[in-house]
Amino acid sequence: MSRIICVSNQKGGVGKTTTAINVGAALAESDASVLLVDLDARADLSGYLGIVPATGASGVYEALFDGETDLRDVIVTAPWYGLQVAPATIDLAAAEMLLVQSPPTERHQVVAQAIAPVAAEYDYVILDSPPGLQLLAVSALAASDEVLVPQQCSFLALHGLRQLSQSIERIQQELNADLRISGIVMTMQDRRTIHHRQVIEMVKEGFPGLVMESVIPATIRLQEAAAAGEPILVYEPEGPAAQAYRQLAKELIDRG
């Protein structure tokens, strides 16, 4: 049975897209079938992997809003582990306007309706949602079984985590009673910094049982991997970041 996991945080710059790509790659490396769906109008996930639809070609926007386009029609196979990607284009920036104009009963189902025809073909469907709680992000959460929350090791990011938790509770009450937080993964940790260790302990105290044991280190290698257009598991397969994402993937499997 497919697990639909939304990688989400209301705050940008916390490693959301990097986590979506690399946990997806780690799951695929373990022989799971994985589909990454880029739901961010900035198309960072697609650009990171060098999967950018040609001018005029269909992407996630068409799969969501063009009744003639199936999500299956836009999926591309990445060069690593059979990982598959539904890429975004700048056209996705128009999604909010279209969703505002849609009836409430329809706007929250647009992502679920798009992924429903293909979800059963994969072990994991990972949604890289836009930051904040735009309508498209809410629709992604309404379509998901689980939420994986990347959380930067910073006191300033904790407020956004509390807001996201409250938003998830509202979505559970109003749109998707089965939605659950699969875990909070701490990112960008400098192990030499007392501040970062304190933040991790605070998050564990505030969200008992939800914080993953895997912690993603702060390393220039992740930026280098993005510049090379490769998951860190390919760019530096034995490095600490790659090992952390493998451990995170194992935790996700175990928590399933």
# chains A, B, ... in the order shown; residues from 1 in each chain; ligands from 1
>>> residues_around(residues="range 111-115 of chain A", least_positions_apart="2", cutoff="9 Å", atoms="only C-alpha atoms", output="PyMOL selection string")
chain A and resi 60+63-65+70-72+107-109+117-119+125+136+139-144
>>> residues_around(residues="Gln189 in chain A", least_positions_apart="6", cutoff="10 Å", atoms="only C-alpha atoms", output="mmCIF file with N, CA and C atoms, in the first residue's frame")
data_model
loop_
_atom_site.group_PDB
_atom_site.id
_atom_site.type_symbol
_atom_site.label_atom_id
_atom_site.label_comp_id
_atom_site.auth_asym_id
_atom_site.auth_seq_id
_atom_site.Cartn_x
_atom_site.Cartn_y
_atom_site.Cartn_z
ATOM 1 N N GLN A 152 14.902 23.380 11.092
ATOM 2 C CA GLN A 152 16.253 23.894 11.275
ATOM 3 C C GLN A 152 16.584 24.021 12.749
ATOM 4 N N CYS A 153 17.836 23.761 13.092
ATOM 5 C CA CYS A 153 18.282 23.862 14.486
ATOM 6 C C CYS A 153 18.469 25.329 14.860
ATOM 7 N N SER A 154 17.362 26.011 15.073
ATOM 8 C CA SER A 154 17.407 27.428 15.397
ATOM 9 C C SER A 154 16.214 27.790 16.265
ATOM 10 N N HIS A 195 24.052 25.796 21.139
ATOM 11 C CA HIS A 195 22.736 26.310 20.745
ATOM 12 C C HIS A 195 21.936 25.261 19.987
ATOM 13 N N HIS A 196 22.564 24.581 19.037
ATOM 14 C CA HIS A 196 21.855 23.584 18.231
ATOM 15 C C HIS A 196 21.419 22.401 19.086
ATOM 16 N N ARG A 197 22.272 21.973 19.982
ATOM 17 C CA ARG A 197 21.905 20.854 20.856
ATOM 18 C C ARG A 197 20.743 21.251 21.770
ATOM 19 N N VAL A 199 18.369 23.434 21.064
ATOM 20 C CA VAL A 199 17.152 23.490 20.252
ATOM 21 C C VAL A 199 16.578 22.097 20.058
ATOM 22 N N ILE A 200 17.435 21.129 19.778
ATOM 23 C CA ILE A 200 16.963 19.753 19.584
ATOM 24 C C ILE A 200 16.267 19.250 20.846
ATOM 25 N N VAL A 215 19.598 13.132 12.526
ATOM 26 C CA VAL A 215 19.801 14.579 12.475
ATOM 27 C C VAL A 215 20.666 14.881 11.256
ATOM 28 N N ILE A 216 20.210 15.821 10.441
ATOM 29 C CA ILE A 216 20.936 16.142 9.216
ATOM 30 C C ILE A 216 21.988 17.207 9.519
ATOM 31 N N PRO A 217 23.253 16.919 9.253
ATOM 32 C CA PRO A 217 24.307 17.878 9.612
ATOM 33 C C PRO A 217 24.366 19.057 8.639
ATOM 34 N N ALA A 218 24.881 20.172 9.143
ATOM 35 C CA ALA A 218 25.188 21.306 8.274
ATOM 36 C C ALA A 218 26.510 21.005 7.575
ATOM 37 N N THR A 219 26.490 20.928 6.258
ATOM 38 C CA THR A 219 27.702 20.622 5.513
ATOM 39 C C THR A 219 27.639 21.253 4.132
#
>>> select_by_dssp(residues="range 58-243 of chain A", states="strand (DSSP E)", output="VMD selection string")
chain A and resid 76 to 77 84 to 86 124 to 128 146 to 152 180 to 189 211 to 217
>>> residues_around(residues="Val14 in chain A", least_positions_apart="3", cutoff="7 Å", atoms="only C-alpha atoms", output="PyMOL selection string")
chain A and resi 11+150-152+187
>>> closest_residue(among="A:Pro87, A:Gly15, A:Pro130, A:Gly256", to="Arg3 in chain A", atoms="only C-alpha atoms")
A:Gly256
>>> select_by_dssp(residues="range 11-221 of chain A", states="helix (DSSP H, G or I)", output="count of residues only")
99
>>> residues_around(residues="Leu135 in chain A", least_positions_apart="3", cutoff="7 Å", atoms="only C-alpha atoms", output="JSON, numbers by chain")
{"A": [96, 99, 138, 139]}
>>> closest_residue(among="A:Ile184, A:Glu62, A:Ala226, A:Ala177", to="Leu164 in chain A", atoms="only C-alpha atoms")
A:Ile184
>>> closest_residue(among="A:Ser58, A:Thr105, A:Thr19, A:Gln163", to="Leu148 in chain A", atoms="only C-alpha atoms")
A:Thr19
>>> closest_residue(among="A:Ile75, A:Ile181, A:Leu127, A:Val52", to="Gln166 in chain A", atoms="only C-alpha atoms")
A:Ile181
>>> closest_residue(among="A:Val147, A:Leu158, A:Met97, A:Leu233", to="Lys16 in chain A", atoms="only C-alpha atoms")
A:Val147
>>> closest_residue(among="A:Pro79, A:Gly183, A:Pro53, A:Gly12", to="Gly209 in chain A", atoms="only C-alpha atoms")
A:Gly183
>>> residues_around(residues="Glu121 in chain A", least_positions_apart="6", cutoff="9 Å", atoms="only C-alpha atoms", output="ChimeraX atom specification")
/A:1-2,33
>>> closest_atom_pairs(of="range 32-91 of chain A", to="range 20-24 of chain A", cutoff="9 Å", atoms="only C-alpha atoms", output="CSV")
residue,atom,partner,partner_atom,distance
A:Val34,CA,A:Gly24,CA,6.4
A:Leu35,CA,A:Gly24,CA,7.8
A:Leu36,CA,A:Gly24,CA,7.0
A:Leu45,CA,A:Ile21,CA,7.0
A:Tyr48,CA,A:Ile21,CA,8.8
A:Leu49,CA,A:Ile21,CA,8.5
A:Leu83,CA,A:Gly24,CA,7.5
>>> decode(residues="range 71-88 of chain A", atoms="N, CA and C atoms", output="PDB file, in the first residue's frame")
ATOM      1  N   LEU A  71      -1.341  12.899 -14.312  1.00  0.00           N
ATOM      2  CA  LEU A  71      -0.033  13.041 -13.678  1.00  0.00           C
ATOM      3  C   LEU A  71       0.980  12.089 -14.296  1.00  0.00           C
ATOM      4  N   ARG A  72       0.518  10.927 -14.683  1.00  0.00           N
ATOM      5  CA  ARG A  72       1.402   9.943 -15.302  1.00  0.00           C
ATOM      6  C   ARG A  72       2.065  10.493 -16.564  1.00  0.00           C
ATOM      7  N   ASP A  73       1.387  11.408 -17.246  1.00  0.00           N
ATOM      8  CA  ASP A  73       1.910  11.964 -18.494  1.00  0.00           C
ATOM      9  C   ASP A  73       3.123  12.860 -18.288  1.00  0.00           C
ATOM     10  N   VAL A  74       3.316  13.373 -17.074  1.00  0.00           N
ATOM     11  CA  VAL A  74       4.403  14.339 -16.854  1.00  0.00           C
ATOM     12  C   VAL A  74       5.561  13.738 -16.067  1.00  0.00           C
ATOM     13  N   ILE A  75       5.448  12.501 -15.613  1.00  0.00           N
ATOM     14  CA  ILE A  75       6.477  11.883 -14.771  1.00  0.00           C
ATOM     15  C   ILE A  75       7.728  11.565 -15.587  1.00  0.00           C
ATOM     16  N   VAL A  76       8.877  11.886 -14.999  1.00  0.00           N
ATOM     17  CA  VAL A  76      10.183  11.640 -15.612  1.00  0.00           C
ATOM     18  C   VAL A  76      10.984  10.740 -14.677  1.00  0.00           C
ATOM     19  N   THR A  77      11.749   9.820 -15.252  1.00  0.00           N
ATOM     20  CA  THR A  77      12.610   8.949 -14.435  1.00  0.00           C
ATOM     21  C   THR A  77      13.977   9.582 -14.279  1.00  0.00           C
ATOM     22  N   ALA A  78      14.400   9.781 -13.040  1.00  0.00           N
ATOM     23  CA  ALA A  78      15.716  10.342 -12.753  1.00  0.00           C
ATOM     24  C   ALA A  78      16.796   9.266 -12.963  1.00  0.00           C
ATOM     25  N   PRO A  79      18.051   9.681 -13.075  1.00  0.00           N
ATOM     26  CA  PRO A  79      19.116   8.706 -13.366  1.00  0.00           C
ATOM     27  C   PRO A  79      19.485   7.790 -12.209  1.00  0.00           C
ATOM     28  N   TRP A  80      18.894   7.978 -11.026  1.00  0.00           N
ATOM     29  CA  TRP A  80      19.372   7.249  -9.852  1.00  0.00           C
ATOM     30  C   TRP A  80      18.273   6.385  -9.243  1.00  0.00           C
ATOM     31  N   TYR A  81      18.556   5.113  -9.088  1.00  0.00           N
ATOM     32  CA  TYR A  81      17.733   4.177  -8.313  1.00  0.00           C
ATOM     33  C   TYR A  81      16.301   4.036  -8.842  1.00  0.00           C
ATOM     34  N   GLY A  82      16.028   4.453 -10.066  1.00  0.00           N
ATOM     35  CA  GLY A  82      14.665   4.386 -10.577  1.00  0.00           C
ATOM     36  C   GLY A  82      13.741   5.430  -9.987  1.00  0.00           C
ATOM     37  N   LEU A  83      14.302   6.434  -9.307  1.00  0.00           N
ATOM     38  CA  LEU A  83      13.522   7.503  -8.707  1.00  0.00           C
ATOM     39  C   LEU A  83      12.740   8.253  -9.780  1.00  0.00           C
ATOM     40  N   GLN A  84      11.438   8.474  -9.536  1.00  0.00           N
ATOM     41  CA  GLN A  84      10.607   9.155 -10.519  1.00  0.00           C
ATOM     42  C   GLN A  84      10.148  10.510  -9.979  1.00  0.00           C
ATOM     43  N   VAL A  85       9.995  11.465 -10.911  1.00  0.00           N
ATOM     44  CA  VAL A  85       9.741  12.849 -10.539  1.00  0.00           C
ATOM     45  C   VAL A  85       8.634  13.426 -11.405  1.00  0.00           C
ATOM     46  N   ALA A  86       7.673  14.084 -10.751  1.00  0.00           N
ATOM     47  CA  ALA A  86       6.678  14.898 -11.459  1.00  0.00           C
ATOM     48  C   ALA A  86       7.118  16.347 -11.286  1.00  0.00           C
ATOM     49  N   PRO A  87       7.686  16.970 -12.330  1.00  0.00           N
ATOM     50  CA  PRO A  87       8.306  18.282 -12.172  1.00  0.00           C
ATOM     51  C   PRO A  87       7.314  19.434 -12.237  1.00  0.00           C
ATOM     52  N   ALA A  88       7.729  20.548 -11.647  1.00  0.00           N
ATOM     53  CA  ALA A  88       6.927  21.770 -11.669  1.00  0.00           C
ATOM     54  C   ALA A  88       7.512  22.758 -12.666  1.00  0.00           C
TER      55      ALA A  88
END
